[in-house]
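Source file upload-v4.pdb; content: PDB, C-alpha atoms.
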```pdb
MODEL        1
ATOM      1  CA  MET A 228      -4.276 -16.532 -30.568
ATOM      2  CA  ARG A 229      -6.427 -13.824 -32.151
ATOM      3  CA  MET A 230      -8.668 -13.586 -29.080
ATOM      4  CA  ALA A 231      -5.612 -13.311 -26.822
ATOM      5  CA  GLN A 232      -4.277 -10.448 -28.940
ATOM      6  CA  LEU A 233      -7.648  -8.692 -28.864
ATOM      7  CA  ARG A 234      -7.742  -8.971 -25.071
ATOM      8  CA  GLU A 235      -4.208  -7.607 -24.805
ATOM      9  CA  ASN A 236      -5.098  -4.683 -27.062
ATOM     10  CA  PHE A 237      -8.115  -3.973 -24.891
ATOM     11  CA  TYR A 238      -6.016  -3.953 -21.696
ATOM     12  CA  LEU A 239      -3.521  -1.574 -23.323
ATOM     13  CA  ALA A 240      -6.320   0.721 -24.481
ATOM     14  CA  PHE A 241      -7.915   0.589 -21.053
ATOM     15  CA  GLY A 242      -4.526   1.429 -19.537
ATOM     16  CA  LEU A 243      -4.373   4.549 -21.703
ATOM     17  CA  TRP A 244      -7.863   5.497 -20.568
ATOM     18  CA  PHE A 245      -6.973   4.927 -16.908
ATOM     19  CA  HIS A 246      -3.769   6.981 -17.075
ATOM     20  CA  PHE A 247      -5.613   9.769 -18.885
ATOM     21  CA  TRP A 248      -7.872  10.100 -15.825
ATOM     22  CA  LEU A 249      -5.039   9.481 -13.350
ATOM     23  CA  ILE A 250      -3.564  12.914 -14.041
ATOM     24  CA  PRO A 251      -6.600  15.167 -13.337
ATOM     25  CA  ILE A 252      -7.749  12.978 -10.437
ATOM     26  CA  THR A 253      -4.280  13.210  -8.868
ATOM     27  CA  ILE A 254      -4.155  16.981  -9.388
ATOM     28  CA  MET A 255      -7.535  17.408  -7.691
ATOM     29  CA  GLY A 256      -6.665  14.935  -4.937
ATOM     30  CA  GLY A 257      -3.285  16.553  -4.323
ATOM     31  CA  LEU A 258      -4.763  20.033  -4.096
ATOM     32  CA  GLY A 259      -7.479  18.705  -1.806
ATOM     33  CA  ALA A 260      -4.967  17.089   0.532
ATOM     34  CA  ILE A 261      -2.765  20.197   0.652
ATOM     35  CA  CYS A 262      -5.717  22.505   1.368
ATOM     36  CA  ALA A 263      -7.081  20.087   3.972
ATOM     37  CA  SER A 264      -3.731  20.078   5.785
ATOM     38  CA  LEU A 265      -4.006  23.863   6.193
ATOM     39  CA  LEU A 266      -7.516  23.647   7.626
ATOM     40  CA  ASP A 267      -7.230  20.666   9.954
ATOM     41  CA  ARG A 268      -4.135  19.720  11.949
ATOM     42  CA  THR A 269      -5.670  16.419  13.143
ATOM     43  CA  GLY A 270      -5.095  14.841   9.734
ATOM     44  CA  GLU A 271      -8.687  13.661   9.371
ATOM     45  CA  LEU A 272      -9.534  15.947   6.441
ATOM     46  CA  VAL A 273      -6.278  15.060   4.686
ATOM     47  CA  GLN A 274      -7.106  11.378   5.088
ATOM     48  CA  ARG A 275     -10.562  11.942   3.604
ATOM     49  CA  ALA A 276      -9.078  13.732   0.611
ATOM     50  CA  ALA A 277      -6.526  10.957   0.071
ATOM     51  CA  ARG A 278      -9.188   8.273   0.465
ATOM     52  CA  SER A 279     -11.420  10.014  -2.084
ATOM     53  CA  TRP A 280      -8.489  10.159  -4.528
ATOM     54  CA  ALA A 281      -7.784   6.456  -4.092
ATOM     55  CA  ARG A 282     -11.424   5.402  -4.382
ATOM     56  CA  ALA A 283     -11.802   7.440  -7.556
ATOM     57  CA  LEU A 284      -8.850   5.591  -9.102
ATOM     58  CA  VAL A 285     -10.211   2.214  -8.003
ATOM     59  CA  TRP A 286     -13.538   3.133  -9.627
ATOM     60  CA  VAL A 287     -11.912   4.364 -12.849
ATOM     61  CA  GLY A 288      -9.884   1.137 -12.965
ATOM     62  CA  ARG A 289     -13.114  -0.869 -12.663
ATOM     63  CA  ILE A 290     -11.739  -2.788  -9.690
ATOM     64  CA  SER A 291     -14.061  -4.719  -7.391
ATOM     65  CA  VAL A 292     -12.593  -4.921  -3.877
ATOM     66  CA  GLU A 293     -13.444  -7.480  -1.192
ATOM     67  CA  VAL A 294     -12.144  -6.775   2.326
ATOM     68  CA  LYS A 295     -11.901  -9.597   4.864
ATOM     69  CA  GLY A 296     -10.754  -9.562   8.498
ATOM     70  CA  MET A 297     -11.873  -6.071   9.528
ATOM     71  CA  GLU A 298     -13.039  -7.607  12.819
ATOM     72  CA  HIS A 299      -9.380  -7.984  13.846
ATOM     73  CA  LEU A 300      -8.979  -4.199  14.153
ATOM     74  CA  VAL A 301      -9.945  -2.207  17.243
ATOM     75  CA  PRO A 302     -11.484   1.226  16.459
ATOM     76  CA  GLY A 303      -9.173   4.012  17.624
ATOM     77  CA  GLN A 304      -6.083   1.778  17.821
ATOM     78  CA  ASN A 305      -3.219   2.629  15.501
ATOM     79  CA  TYR A 306      -1.290  -0.091  13.729
ATOM     80  CA  ILE A 307       1.653  -0.867  11.498
ATOM     81  CA  PHE A 308       0.119  -2.475   8.415
ATOM     82  CA  ALA A 309       2.585  -4.777   6.619
ATOM     83  CA  ALA A 310       1.446  -5.573   3.076
ATOM     84  CA  ASN A 311       2.816  -7.423   0.067
ATOM     85  CA  HIS A 312       3.531  -5.237  -2.961
ATOM     86  CA  ARG A 313       2.947  -6.157  -6.611
ATOM     87  CA  SER A 314       1.327  -3.104  -8.224
ATOM     88  CA  ASN A 315       0.609   0.602  -7.949
ATOM     89  CA  PHE A 316      -2.959  -0.497  -7.301
ATOM     90  CA  ASP A 317      -1.852  -1.825  -3.888
ATOM     91  CA  ILE A 318      -1.547   1.791  -2.772
ATOM     92  CA  TYR A 319      -4.909   2.822  -4.209
ATOM     93  CA  VAL A 320      -6.720  -0.147  -2.676
ATOM     94  CA  LEU A 321      -5.136   0.116   0.777
ATOM     95  CA  LEU A 322      -5.629   3.863   0.958
ATOM     96  CA  ALA A 323      -9.249   3.486  -0.139
ATOM     97  CA  PHE A 324     -10.310   0.703   2.217
ATOM     98  CA  LEU A 325      -8.129   0.479   5.333
ATOM     99  CA  PRO A 326      -9.700   2.312   8.299
ATOM    100  CA  GLY A 327      -8.236   5.100  10.406
ATOM    101  CA  ILE A 328      -5.662   7.807   9.801
ATOM    102  CA  PHE A 329      -2.479   6.447   8.304
ATOM    103  CA  ALA A 330       0.431   7.162   6.009
ATOM    104  CA  PHE A 331       3.034   5.226   4.043
ATOM    105  CA  VAL A 332       6.743   4.650   4.288
ATOM    106  CA  ALA A 333       7.525   5.449   0.635
ATOM    107  CA  LYS A 334      10.574   5.770  -1.573
ATOM    108  CA  LYS A 335      12.046   9.263  -1.665
ATOM    109  CA  SER A 336      11.696   9.704  -5.443
ATOM    110  CA  LEU A 337       7.888   9.851  -5.133
ATOM    111  CA  PHE A 338       8.193  13.045  -3.093
ATOM    112  CA  ARG A 339       9.849  14.794  -6.043
ATOM    113  CA  ILE A 340       6.715  14.507  -8.200
ATOM    114  CA  PRO A 341       5.103  17.980  -8.382
ATOM    115  CA  LEU A 342       1.946  18.302  -6.285
ATOM    116  CA  PHE A 343       1.858  14.550  -5.581
ATOM    117  CA  GLY A 344       4.960  14.881  -3.416
ATOM    118  CA  GLN A 345       3.425  17.762  -1.459
ATOM    119  CA  ALA A 346       0.281  15.681  -0.968
ATOM    120  CA  LEU A 347       2.378  12.813   0.432
ATOM    121  CA  GLN A 348       3.947  15.229   2.892
ATOM    122  CA  SER A 349       0.498  16.523   3.886
ATOM    123  CA  LEU A 350      -0.605  12.961   4.542
ATOM    124  CA  GLY A 351       2.396  12.437   6.820
ATOM    125  CA  CYS A 352       4.180   9.904   4.625
ATOM    126  CA  VAL A 353       7.837   9.241   5.407
ATOM    127  CA  PRO A 354      10.387   9.312   2.536
ATOM    128  CA  VAL A 355      13.121   6.686   2.550
ATOM    129  CA  ASP A 356      16.278   6.789   0.432
ATOM    130  CA  ARG A 357      17.107   3.123  -0.119
ATOM    131  CA  ASN A 358      20.595   4.003  -1.354
ATOM    132  CA  ASN A 359      21.557   5.942   1.776
ATOM    133  CA  VAL A 360      21.748   3.787   4.883
ATOM    134  CA  GLN A 361      22.027   6.698   7.337
ATOM    135  CA  ASN A 362      19.057   8.465   5.756
ATOM    136  CA  ALA A 363      17.023   5.269   5.814
ATOM    137  CA  ILE A 364      17.721   4.776   9.532
ATOM    138  CA  HIS A 365      16.770   8.400  10.269
ATOM    139  CA  CYS A 366      13.521   8.110   8.295
ATOM    140  CA  LEU A 367      12.521   4.835   9.943
ATOM    141  CA  ASN A 368      13.129   6.428  13.351
ATOM    142  CA  GLU A 369      10.883   9.302  12.274
ATOM    143  CA  ALA A 370       8.214   6.823  11.184
ATOM    144  CA  ALA A 371       8.432   5.059  14.563
ATOM    145  CA  ALA A 372       7.967   8.404  16.336
ATOM    146  CA  ARG A 373       4.860   9.209  14.284
ATOM    147  CA  ILE A 374       3.412   5.791  15.063
ATOM    148  CA  ARG A 375       3.982   6.327  18.803
ATOM    149  CA  GLN A 376       2.156   9.662  18.449
ATOM    150  CA  GLY A 377      -0.956   7.844  17.183
ATOM    151  CA  LYS A 378      -0.673   7.586  13.399
ATOM    152  CA  SER A 379      -0.938   4.222  11.678
ATOM    153  CA  MET A 380       1.670   3.421   9.033
ATOM    154  CA  ILE A 381       1.657   1.154   5.983
ATOM    155  CA  ILE A 382       4.914  -0.584   5.164
ATOM    156  CA  PHE A 383       5.883  -2.892   2.317
ATOM    157  CA  PRO A 384       8.416  -5.230   3.958
ATOM    158  CA  GLU A 385       9.496  -6.691   0.597
ATOM    159  CA  GLY A 386      10.979  -3.244  -0.091
ATOM    160  CA  THR A 387       9.785  -2.908  -3.693
ATOM    161  CA  ARG A 388       7.092  -3.979  -6.138
ATOM    162  CA  ALA A 389       7.914  -7.582  -6.891
ATOM    163  CA  THR A 390       7.660  -9.032 -10.398
ATOM    164  CA  THR A 391       7.336 -12.621  -9.189
ATOM    165  CA  PRO A 392       4.225 -14.289  -7.745
ATOM    166  CA  GLU A 393       6.134 -15.439  -4.659
ATOM    167  CA  LEU A 394       6.831 -13.172  -1.701
ATOM    168  CA  LEU A 395      10.305 -11.638  -1.687
ATOM    169  CA  PRO A 396      12.556 -11.833   1.397
ATOM    170  CA  PHE A 397      11.580  -9.176   3.921
ATOM    171  CA  LYS A 398      13.772  -6.202   4.801
ATOM    172  CA  LYS A 399      14.843  -6.020   8.445
ATOM    173  CA  GLY A 400      14.785  -2.224   8.709
ATOM    174  CA  VAL A 401      11.020  -1.871   8.915
ATOM    175  CA  PHE A 402      10.916  -4.393  11.772
ATOM    176  CA  ILE A 403      13.505  -2.411  13.701
ATOM    177  CA  MET A 404      11.041   0.464  13.290
ATOM    178  CA  ALA A 405       8.174  -1.739  14.475
ATOM    179  CA  MET A 406      10.080  -2.803  17.601
ATOM    180  CA  LYS A 407      10.865   0.842  18.413
ATOM    181  CA  ALA A 408       7.270   1.950  17.800
ATOM    182  CA  GLY A 409       5.881  -0.811  20.017
ATOM    183  CA  LYS A 410       2.542  -0.933  18.208
ATOM    184  CA  PRO A 411       0.765  -4.012  16.811
ATOM    185  CA  VAL A 412       1.856  -5.157  13.355
ATOM    186  CA  VAL A 413      -1.026  -6.247  11.120
ATOM    187  CA  PRO A 414      -0.114  -8.374   8.078
ATOM    188  CA  VAL A 415      -2.314  -7.435   5.101
ATOM    189  CA  ALA A 416      -2.480  -9.665   2.038
ATOM    190  CA  VAL A 417      -3.416  -7.823  -1.168
ATOM    191  CA  ASN A 418      -4.519 -10.437  -3.678
ATOM    192  CA  GLY A 419      -5.177  -9.838  -7.368
ATOM    193  CA  THR A 420      -3.397  -6.551  -8.063
ATOM    194  CA  ARG A 421      -0.530  -8.257  -9.867
ATOM    195  CA  PHE A 422      -2.995  -9.096 -12.632
ATOM    196  CA  VAL A 423      -4.549  -5.615 -12.664
ATOM    197  CA  GLN A 424      -1.289  -3.795 -13.366
ATOM    198  CA  PRO A 425       2.040  -5.588 -12.877
ATOM    199  CA  ARG A 426       5.196  -3.592 -12.360
ATOM    200  CA  SER A 427       6.707  -1.936 -15.471
ATOM    201  CA  THR A 428       3.540  -2.274 -17.539
ATOM    202  CA  PHE A 429       1.140   0.349 -18.828
ATOM    203  CA  ARG A 430      -1.747  -2.049 -19.350
ATOM    204  CA  VAL A 431      -4.591  -2.167 -16.845
ATOM    205  CA  LYS A 432      -6.837  -5.194 -16.502
ATOM    206  CA  PRO A 433     -10.141  -4.595 -14.688
ATOM    207  CA  GLY A 434     -10.937  -7.305 -12.176
ATOM    208  CA  LYS A 435     -11.320  -8.398  -8.572
ATOM    209  CA  VAL A 436      -8.974  -7.604  -5.706
ATOM    210  CA  GLN A 437      -9.082  -9.099  -2.230
ATOM    211  CA  VAL A 438      -7.672  -7.503   0.916
ATOM    212  CA  VAL A 439      -7.185  -9.904   3.833
ATOM    213  CA  ILE A 440      -6.491  -8.287   7.228
ATOM    214  CA  CYS A 441      -4.743 -10.735   9.560
ATOM    215  CA  PRO A 442      -4.819 -10.721  13.378
ATOM    216  CA  PRO A 443      -2.385  -8.229  14.943
ATOM    217  CA  ILE A 444       1.080  -9.393  15.974
ATOM    218  CA  PHE A 445       2.515  -7.691  19.067
ATOM    219  CA  PRO A 446       6.227  -6.744  19.036
ATOM    220  CA  GLU A 447       6.506  -7.048  22.823
ATOM    221  CA  ASN A 448       6.056 -10.806  22.445
ATOM    222  CA  PHE A 449       9.389 -11.065  20.605
ATOM    223  CA  ARG A 450      12.921 -10.494  21.813
ATOM    224  CA  ARG A 451      14.503  -9.960  18.392
ATOM    225  CA  LYS A 452      13.438  -8.225  15.194
ATOM    226  CA  GLU A 453      14.113 -11.415  13.210
ATOM    227  CA  GLU A 454      11.510 -13.273  15.265
ATOM    228  CA  LEU A 455       8.923 -10.557  14.663
ATOM    229  CA  MET A 456       9.771 -10.525  10.956
ATOM    230  CA  ALA A 457       9.382 -14.309  10.720
ATOM    231  CA  ALA A 458       5.981 -14.198  12.443
ATOM    232  CA  VAL A 459       4.707 -11.481  10.093
ATOM    233  CA  GLN A 460       6.053 -13.352   7.080
ATOM    234  CA  ARG A 461       4.318 -16.594   8.117
ATOM    235  CA  SER A 462       1.007 -14.823   8.627
ATOM    236  CA  LEU A 463       1.199 -12.979   5.319
ATOM    237  CA  ALA A 464       2.276 -16.090   3.410
ATOM    238  CA  ALA A 465      -0.704 -18.002   4.801
ATOM    239  CA  THR A 466      -3.201 -15.472   3.401
ATOM    240  CA  TYR A 467      -1.469 -14.187   0.272
ATOM    241  CA  ASP A 468      -2.908 -15.855  -2.832
ATOM    242  CA  PRO A 469      -0.798 -15.047  -5.919
ATOM    243  CA  ASP A 470      -3.385 -16.687  -8.211
ATOM    244  CA  PHE A 471      -6.458 -14.766  -6.991
ATOM    245  CA  PRO A 472      -9.025 -14.469  -8.560
ATOM    246  CA  TYR A 473      -8.294 -16.723 -11.542
ATOM    247  CA  GLY A 474      -6.703 -19.821 -10.049
ATOM    248  CA  PRO A 475      -3.362 -21.314 -11.104
ATOM    249  CA  GLY A 476      -2.464 -20.203 -14.623
ATOM    250  CA  GLY A 477      -5.783 -18.430 -15.164
ATOM    251  CA  GLY A 478      -4.456 -14.906 -15.039
ATOM    252  CA  ASN A 479      -2.675 -15.250 -18.360
ATOM    253  CA  GLU A 480      -5.876 -14.791 -20.313
TER     254      GLU A 480
ENDMDL
END
```
Show me the file's structure as structure tokens.
Amino acid sequence: MRMAQLRENFYLAFGLWFHFWLIPITIMGGLGAICASLLDRTGELVQRAARSWARALVWVGRISVEVKGMEHLVPGQNYIFAANHRSNFDIYVLLAFLPGIFAFVAKKSLFRIPLFGQALQSLGCVPVDRNNVQNAIHCLNEAAARIRQGKSMIIFPEGTRATTPELLPFKKGVFIMAMKAGKPVVPVAVNGTRFVQPRSTFRVKPGKVQVVICPPIFPENFRRKEELMAAVQRSLAATYDPDFPYGPGGGNE
């Protein structure tokens, strides 16, 4: 019991240390992304600034990342990446290690954060108001248009950071967007982040994270959005490991 309490105290202290550095790193990264957007309209410099921000946070968090399945991606092709969502670290890890120029479909409240919100706009992220159906439809149409123009997009089809190990039911809206965009959907399993920093916790637990990139799924092979959604869900469920890297029950240490 005493060792468990000592470990918990360490993770809380490490969380304080991580969030202390999160602020200046985000300020520098946000300024870098905003300045880059003024210098380069292609988005490449903005992506580099955002990637540097994310990699700095992964390093500060002492996270070791293993990426598998990169061979499934074709250089120069843009994709819709569909990932599970358990932690803020999902964003850092995906932004740091997925290739290409891409943005996120993100909740609207994030865009209200000073500087960070402007950086999201510079990156080309699309804000979605989950409480406003008409706004959500408009924003998903905008995301589909950006994908058709050549930008990759990361979506979290569960709709929120889940607090359970199991995958949540997927939201249909993002698959309507995928059908309209007509670009390959790539399921991406992010394993291990739920132990690093679960939702609604301040603690940060250094450790291993695994990113598994699945083979692309092509919307044109499906007549209905529900069929596409089911195919993506099956692929993601087959590669998502809620117990990585500790094994069943091991993450409670």
Among listed residues A:Gln304, A:Gln345, A:Ser314, A:Thr253, nearest Pro326 (chain A) (using all atoms listed in the file): A:Gln304
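Comparing A:Gly409, A:Gly303, A:Gly270, A:Gly386 by their smallest distance to Cys352 (chain A), the closest is A:Gly270 (using all atoms listed in the file).
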Residues returned when the PyMOL selection byres ((chain A and resi 394-399) around 8) runs on this file, as number ranges by chain: A: 311, 384-386, 389, 391-393, 400-403, 452-453, 456, 460, 464
Length of the CA of Trp244 (chain A) to CA of Arg313 (chain A) vector [Å]: 21.2 Å
Interatomic distance (Å, one decimal) between CA of Phe449 (chain A) and CA of Asp317 (chain A): 28.5 Å
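Our summary of the geometry notes that CA of Arg373 (chain A) is positioned 14.3 Å from CA of Gly327 (chain A).
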Hey, can I get the axis-aligned box for region 443-450 of chain A? All listed atoms, 4 Å padding on each side, centre and edge lengths in Å to one decimal, as lines of an AutoDock Vina configuration file.
```
center_x = 5.3
center_y = -8.9
center_z = 18.9
size_x = 23.3
size_y = 12.3
size_z = 15.9
```
